[in-house]
>>> print(open('upload_26.pdb').read())   # PDB, C-alpha atoms
MODEL        1
ATOM      1  CA  MET A   1     107.396  90.682  76.237
ATOM      2  CA  SER A   2     106.058  93.753  77.974
ATOM      3  CA  ASP A   3     107.762  97.137  77.774
ATOM      4  CA  PHE A   4     108.120  99.019  81.058
ATOM      5  CA  GLY A   5     108.551 102.395  79.325
ATOM      6  CA  PHE A   6     105.748 103.821  81.450
ATOM      7  CA  LEU A   7     107.858 103.397  84.595
ATOM      8  CA  ASN A   8     111.067 104.738  83.043
ATOM      9  CA  THR A   9     109.989 108.394  82.960
ATOM     10  CA  HIS A  10     109.424 110.618  85.985
ATOM     11  CA  ARG A  11     105.931 112.032  85.579
ATOM     12  CA  THR A  12     104.066 114.670  87.549
ATOM     13  CA  TRP A  13     101.434 112.195  88.829
ATOM     14  CA  GLU A  14     104.179 110.634  90.923
ATOM     15  CA  ASP A  15     104.859 113.994  92.558
ATOM     16  CA  TRP A  16     101.133 114.436  93.210
ATOM     17  CA  SER A  17     101.083 110.946  94.739
ATOM     18  CA  GLY A  18     103.882 112.000  97.089
ATOM     19  CA  MET A  19     101.909 115.083  98.102
ATOM     20  CA  LEU A  20      98.845 112.910  98.779
ATOM     21  CA  LEU A  21     100.941 110.513 100.888
ATOM     22  CA  GLY A  22     102.276 113.482 102.867
ATOM     23  CA  ALA A  23      98.749 114.713 103.560
ATOM     24  CA  LEU A  24      97.658 111.218 104.642
ATOM     25  CA  ILE A  25     100.617 110.975 107.023
ATOM     26  CA  VAL A  26      99.706 114.325 108.594
ATOM     27  CA  VAL A  27      96.156 113.164 109.389
ATOM     28  CA  SER A  28      97.106 109.561 110.258
ATOM     29  CA  PRO A  29      96.866 110.010 114.060
ATOM     30  CA  TRP A  30      93.185 110.811 113.568
ATOM     31  CA  PHE A  31      92.340 107.915 111.214
ATOM     32  CA  PRO A  32      89.367 105.861 112.418
ATOM     33  CA  ILE A  33      89.577 102.433 114.076
ATOM     34  CA  GLN A  34      92.248 103.240 116.631
ATOM     35  CA  ASP A  35      92.473 104.168 120.293
ATOM     36  CA  GLN A  36      92.048 107.961 119.983
ATOM     37  CA  PRO A  37      92.538 108.975 123.656
ATOM     38  CA  ALA A  38      95.868 107.141 123.942
ATOM     39  CA  ILE A  39      97.204 108.741 120.771
ATOM     40  CA  ILE A  40      95.810 112.226 121.411
ATOM     41  CA  GLY A  41      97.534 112.244 124.806
ATOM     42  CA  ASP A  42     100.930 111.528 123.225
ATOM     43  CA  SER A  43     102.027 114.781 121.605
ATOM     44  CA  ILE A  44     105.338 113.304 120.373
ATOM     45  CA  VAL A  45     103.461 110.826 118.170
ATOM     46  CA  ILE A  46     101.287 113.570 116.721
ATOM     47  CA  LEU A  47     104.244 115.921 116.233
ATOM     48  CA  ASN A  48     106.201 113.159 114.495
ATOM     49  CA  ALA A  49     103.325 112.348 112.130
ATOM     50  CA  VAL A  50     102.704 115.998 111.274
ATOM     51  CA  ALA A  51     106.430 116.741 110.775
ATOM     52  CA  VAL A  52     107.043 113.667 108.613
ATOM     53  CA  GLY A  53     103.895 114.326 106.574
ATOM     54  CA  LEU A  54     104.851 117.952 105.964
ATOM     55  CA  ILE A  55     108.377 116.924 104.952
ATOM     56  CA  VAL A  56     107.059 114.334 102.475
ATOM     57  CA  PHE A  57     104.549 116.860 101.131
ATOM     58  CA  GLY A  58     107.220 119.570 100.828
ATOM     59  CA  ILE A  59     109.765 117.339  99.108
ATOM     60  CA  SER A  60     107.122 116.132  96.635
ATOM     61  CA  GLN A  61     106.128 119.709  95.955
ATOM     62  CA  LEU A  62     109.783 120.608  95.328
ATOM     63  CA  GLU A  63     110.067 117.671  92.919
ATOM     64  CA  TYR A  64     107.050 118.990  91.061
ATOM     65  CA  VAL A  65     108.701 122.399  90.667
ATOM     66  CA  ALA A  66     112.434 121.654  90.321
ATOM     67  CA  LEU A  67     113.738 118.112  90.174
ATOM     68  CA  GLN A  68     116.892 117.277  92.173
ATOM     69  CA  ARG A  69     118.389 113.887  93.077
ATOM     70  CA  TRP A  70     118.698 114.702  96.783
ATOM     71  CA  GLN A  71     114.904 114.869  96.974
ATOM     72  CA  GLU A  72     114.485 111.180  96.174
ATOM     73  CA  VAL A  73     117.133 110.190  98.721
ATOM     74  CA  ALA A  74     115.475 112.384 101.352
ATOM     75  CA  THR A  75     112.093 110.830 100.532
ATOM     76  CA  ILE A  76     113.502 107.339 101.054
ATOM     77  CA  LEU A  77     115.117 108.309 104.371
ATOM     78  CA  VAL A  78     111.944 109.982 105.669
ATOM     79  CA  GLY A  79     109.891 106.929 104.664
ATOM     80  CA  LEU A  80     112.308 104.656 106.514
ATOM     81  CA  TRP A  81     112.027 106.888 109.586
ATOM     82  CA  LEU A  82     108.233 106.638 109.436
ATOM     83  CA  ILE A  83     108.495 102.836 109.366
ATOM     84  CA  ALA A  84     110.915 102.819 112.323
ATOM     85  CA  SER A  85     109.313 105.600 114.387
ATOM     86  CA  PRO A  86     106.740 103.409 116.213
ATOM     87  CA  TYR A  87     109.622 101.426 117.703
ATOM     88  CA  PHE A  88     111.843 104.417 118.502
ATOM     89  CA  LEU A  89     109.066 106.596 119.920
ATOM     90  CA  GLY A  90     107.373 103.795 121.846
ATOM     91  CA  TYR A  91     103.983 103.514 120.189
ATOM     92  CA  SER A  92     104.506 100.119 118.586
ATOM     93  CA  GLY A  93     101.761  98.796 120.862
ATOM     94  CA  GLU A  94      99.218 101.071 119.154
ATOM     95  CA  GLY A  95      98.281  98.471 116.544
ATOM     96  CA  PHE A  96      96.501 100.509 113.926
ATOM     97  CA  LEU A  97      98.723 103.593 114.060
ATOM     98  CA  ARG A  98     101.778 101.361 113.763
ATOM     99  CA  LEU A  99     100.128  99.656 110.799
ATOM    100  CA  TYR A 100      99.243 103.013 109.212
ATOM    101  CA  HIS A 101     102.744 104.399 109.633
ATOM    102  CA  THR A 102     104.409 101.205 108.422
ATOM    103  CA  SER A 103     102.167 101.074 105.343
ATOM    104  CA  LEU A 104     102.460 104.768 104.518
ATOM    105  CA  GLY A 105     106.230 104.683 105.154
ATOM    106  CA  ALA A 106     106.605 101.692 102.824
ATOM    107  CA  ALA A 107     104.627 103.532 100.136
ATOM    108  CA  VAL A 108     106.873 106.595 100.543
ATOM    109  CA  VAL A 109     110.021 104.441 100.309
ATOM    110  CA  LEU A 110     108.733 102.637  97.207
ATOM    111  CA  LEU A 111     107.825 105.937  95.568
ATOM    112  CA  GLY A 112     111.261 107.361  96.410
ATOM    113  CA  VAL A 113     113.031 104.293  94.997
ATOM    114  CA  LEU A 114     110.955 104.496  91.802
ATOM    115  CA  LEU A 115     111.753 108.195  91.375
ATOM    116  CA  LEU A 116     115.462 107.662  92.070
ATOM    117  CA  TRP A 117     115.564 104.812  89.578
ATOM    118  CA  GLN A 118     113.852 106.963  86.934
ATOM    119  CA  ASP A 119     116.154 109.950  87.462
ATOM    120  CA  TRP A 120     119.401 108.024  87.921
ATOM    121  CA  ASP A 121     120.741 108.517  84.364
ATOM    122  CA  LEU A 122     119.278 111.967  83.684
ATOM    123  CA  THR A 123     121.593 114.891  83.149
ATOM    124  CA  ASP A 124     121.072 118.140  85.012
ATOM    125  CA  GLN A 125     119.606 119.652  81.839
ATOM    126  CA  ASP A 126     117.106 116.786  81.526
ATOM    127  CA  MET A 127     116.099 117.228  85.151
ATOM    128  CA  LEU A 128     115.385 120.921  84.543
ATOM    129  CA  LYS A 129     112.869 119.938  81.836
ATOM    130  CA  HIS A 130     110.744 117.944  84.323
ATOM    131  CA  GLY A 131     107.078 118.900  84.217
ATOM    132  CA  GLN A 132     107.317 120.827  80.959
TER     133      GLN A 132
ENDMDL
END
>>> encode(input="upload_26.pdb", output="C-alpha cells")
Amino acid sequence: MSDFGFLNTHRTWEDWSGMLLGALIVVSPWFPIQDQPAIIGDSIVILNAVAVGLIVFGISQLEYVALQRWQEVATILVGLWLIASPYFLGYSGEGFLRLYHTSLGAAVVLLGVLLLWQDWDLTDQDMLKHGQ
C-alpha cells in the first residue's frame, strides 16, 4: 500500500504554485485563442481577473512567509469566486475566458483544500516553523 506522506506536509513548492496561479490569473484576459476585442472592452472582467490574481498571489506569498489558517480559507473562497465570476459578471458567453477562469479557479480551490488539509492539525508553533 502506498504512503501519502508527501502530501501530508505543507511545502514551499505549494506556495510557489499558488503564486504562479495568481500570475496566470492576472494575465488570463490576454491569453491567446479568445475574442480579444470583446474582453478588452469590458473593464470589469479585466479588473476582476487582475484583482483575483493579485489576491491569490498575495495570499500565497504570505503563506510562504508566515503560515496562518485563514490564508487557506481565503484561497478557497477566492478560487470559488473565480469559478462563479463569469456567471455573476456576465461573461459566461466568452467561451475560452470562462474556461480559463473555471480551470484556474478549480486549481486554486484544490490547492487551498490541500493546504488546509495539511495544516489542519498543526499547532501555532508548528505553523511558525514553515519554510525553515
>>> atom_distance(input="upload_26.pdb", atom1="CA of Thr75 in chain A", atom2="CA of Ile25 in chain A")
13.2 Å
>>> resolve_selection(input="upload_26.pdb", expression="the PyMOL selection byres ((chain A and resi 79) around 7)", output="PyMOL selection string")
chain A and resi 75-78+80-83+105-106+108-109
>>> axis_aligned_box(input="upload_26.pdb", around="range 89-105 of chain A", padding_each_side="5 Å", output="AutoDock Vina command-line options")
--center_x 102.8 --center_y 102.5 --center_z 113.2 --size_x 22.6 --size_y 18.1 --size_z 27.3
>>> closest_residue(input="upload_26.pdb", among="A:Ser17, A:Asn48, A:Ser60, A:Gln71", to="Pro86 in chain A", atoms="only C-alpha atoms")
A:Asn48
>>> closest_residue(input="upload_26.pdb", among="A:Ser28, A:Ser43, A:Gln68, A:Gln118", to="Leu104 in chain A", atoms="only C-alpha atoms")
A:Ser28
>>> build_atoms(input="upload_26.pdb", residues="range 67-87 of chain A", atoms="N, CA and C atoms", output="PDB file, in the frame of the given file")
ATOM      1  N   LEU A  67     113.290 119.460  89.860  1.00  0.00           N
ATOM      2  CA  LEU A  67     113.738 118.112  90.174  1.00  0.00           C
ATOM      3  C   LEU A  67     115.215 118.091  90.561  1.00  0.00           C
ATOM      4  N   GLN A  68     115.521 117.457  91.693  1.00  0.00           N
ATOM      5  CA  GLN A  68     116.892 117.277  92.173  1.00  0.00           C
ATOM      6  C   GLN A  68     117.014 115.851  92.697  1.00  0.00           C
ATOM      7  N   ARG A  69     118.201 115.261  92.608  1.00  0.00           N
ATOM      8  CA  ARG A  69     118.389 113.887  93.077  1.00  0.00           C
ATOM      9  C   ARG A  69     118.315 113.768  94.595  1.00  0.00           C
ATOM     10  N   TRP A  70     118.714 114.793  95.320  1.00  0.00           N
ATOM     11  CA  TRP A  70     118.698 114.702  96.783  1.00  0.00           C
ATOM     12  C   TRP A  70     117.281 114.526  97.305  1.00  0.00           C
ATOM     13  N   GLN A  71     116.294 114.968  96.530  1.00  0.00           N
ATOM     14  CA  GLN A  71     114.904 114.869  96.974  1.00  0.00           C
ATOM     15  C   GLN A  71     114.449 113.412  97.080  1.00  0.00           C
ATOM     16  N   GLU A  72     114.863 112.591  96.119  1.00  0.00           N
ATOM     17  CA  GLU A  72     114.485 111.180  96.174  1.00  0.00           C
ATOM     18  C   GLU A  72     115.150 110.481  97.359  1.00  0.00           C
ATOM     19  N   VAL A  73     116.424 110.793  97.595  1.00  0.00           N
ATOM     20  CA  VAL A  73     117.133 110.190  98.721  1.00  0.00           C
ATOM     21  C   VAL A  73     116.485 110.625 100.036  1.00  0.00           C
ATOM     22  N   ALA A  74     116.136 111.890 100.142  1.00  0.00           N
ATOM     23  CA  ALA A  74     115.475 112.384 101.352  1.00  0.00           C
ATOM     24  C   ALA A  74     114.114 111.722 101.536  1.00  0.00           C
ATOM     25  N   THR A  75     113.388 111.500 100.461  1.00  0.00           N
ATOM     26  CA  THR A  75     112.093 110.830 100.532  1.00  0.00           C
ATOM     27  C   THR A  75     112.251 109.414 101.071  1.00  0.00           C
ATOM     28  N   ILE A  76     113.253 108.705 100.585  1.00  0.00           N
ATOM     29  CA  ILE A  76     113.502 107.339 101.054  1.00  0.00           C
ATOM     30  C   ILE A  76     113.842 107.342 102.550  1.00  0.00           C
ATOM     31  N   LEU A  77     114.719 108.253 102.966  1.00  0.00           N
ATOM     32  CA  LEU A  77     115.117 108.309 104.371  1.00  0.00           C
ATOM     33  C   LEU A  77     113.944 108.661 105.289  1.00  0.00           C
ATOM     34  N   VAL A  78     113.105 109.602 104.865  1.00  0.00           N
ATOM     35  CA  VAL A  78     111.944 109.982 105.669  1.00  0.00           C
ATOM     36  C   VAL A  78     110.953 108.819 105.746  1.00  0.00           C
ATOM     37  N   GLY A  79     110.766 108.098 104.646  1.00  0.00           N
ATOM     38  CA  GLY A  79     109.891 106.929 104.664  1.00  0.00           C
ATOM     39  C   GLY A  79     110.408 105.841 105.604  1.00  0.00           C
ATOM     40  N   LEU A  80     111.726 105.631 105.595  1.00  0.00           N
ATOM     41  CA  LEU A  80     112.308 104.656 106.514  1.00  0.00           C
ATOM     42  C   LEU A  80     112.130 105.091 107.967  1.00  0.00           C
ATOM     43  N   TRP A  81     112.259 106.397 108.227  1.00  0.00           N
ATOM     44  CA  TRP A  81     112.027 106.888 109.586  1.00  0.00           C
ATOM     45  C   TRP A  81     110.577 106.629 110.010  1.00  0.00           C
ATOM     46  N   LEU A  82     109.634 106.856 109.098  1.00  0.00           N
ATOM     47  CA  LEU A  82     108.233 106.638 109.436  1.00  0.00           C
ATOM     48  C   LEU A  82     107.974 105.169 109.770  1.00  0.00           C
ATOM     49  N   ILE A  83     108.635 104.263 109.067  1.00  0.00           N
ATOM     50  CA  ILE A  83     108.495 102.836 109.366  1.00  0.00           C
ATOM     51  C   ILE A  83     109.080 102.521 110.745  1.00  0.00           C
ATOM     52  N   ALA A  84     110.220 103.121 111.065  1.00  0.00           N
ATOM     53  CA  ALA A  84     110.915 102.819 112.323  1.00  0.00           C
ATOM     54  C   ALA A  84     110.386 103.609 113.515  1.00  0.00           C
ATOM     55  N   SER A  85     109.707 104.715 113.288  1.00  0.00           N
ATOM     56  CA  SER A  85     109.313 105.600 114.387  1.00  0.00           C
ATOM     57  C   SER A  85     108.417 104.953 115.449  1.00  0.00           C
ATOM     58  N   PRO A  86     107.511 104.015 115.123  1.00  0.00           N
ATOM     59  CA  PRO A  86     106.740 103.409 116.213  1.00  0.00           C
ATOM     60  C   PRO A  86     107.626 102.699 117.247  1.00  0.00           C
ATOM     61  N   TYR A  87     108.740 102.161 116.800  1.00  0.00           N
ATOM     62  CA  TYR A  87     109.622 101.426 117.703  1.00  0.00           C
ATOM     63  C   TYR A  87     110.545 102.371 118.474  1.00  0.00           C
TER      64      TYR A  87
END
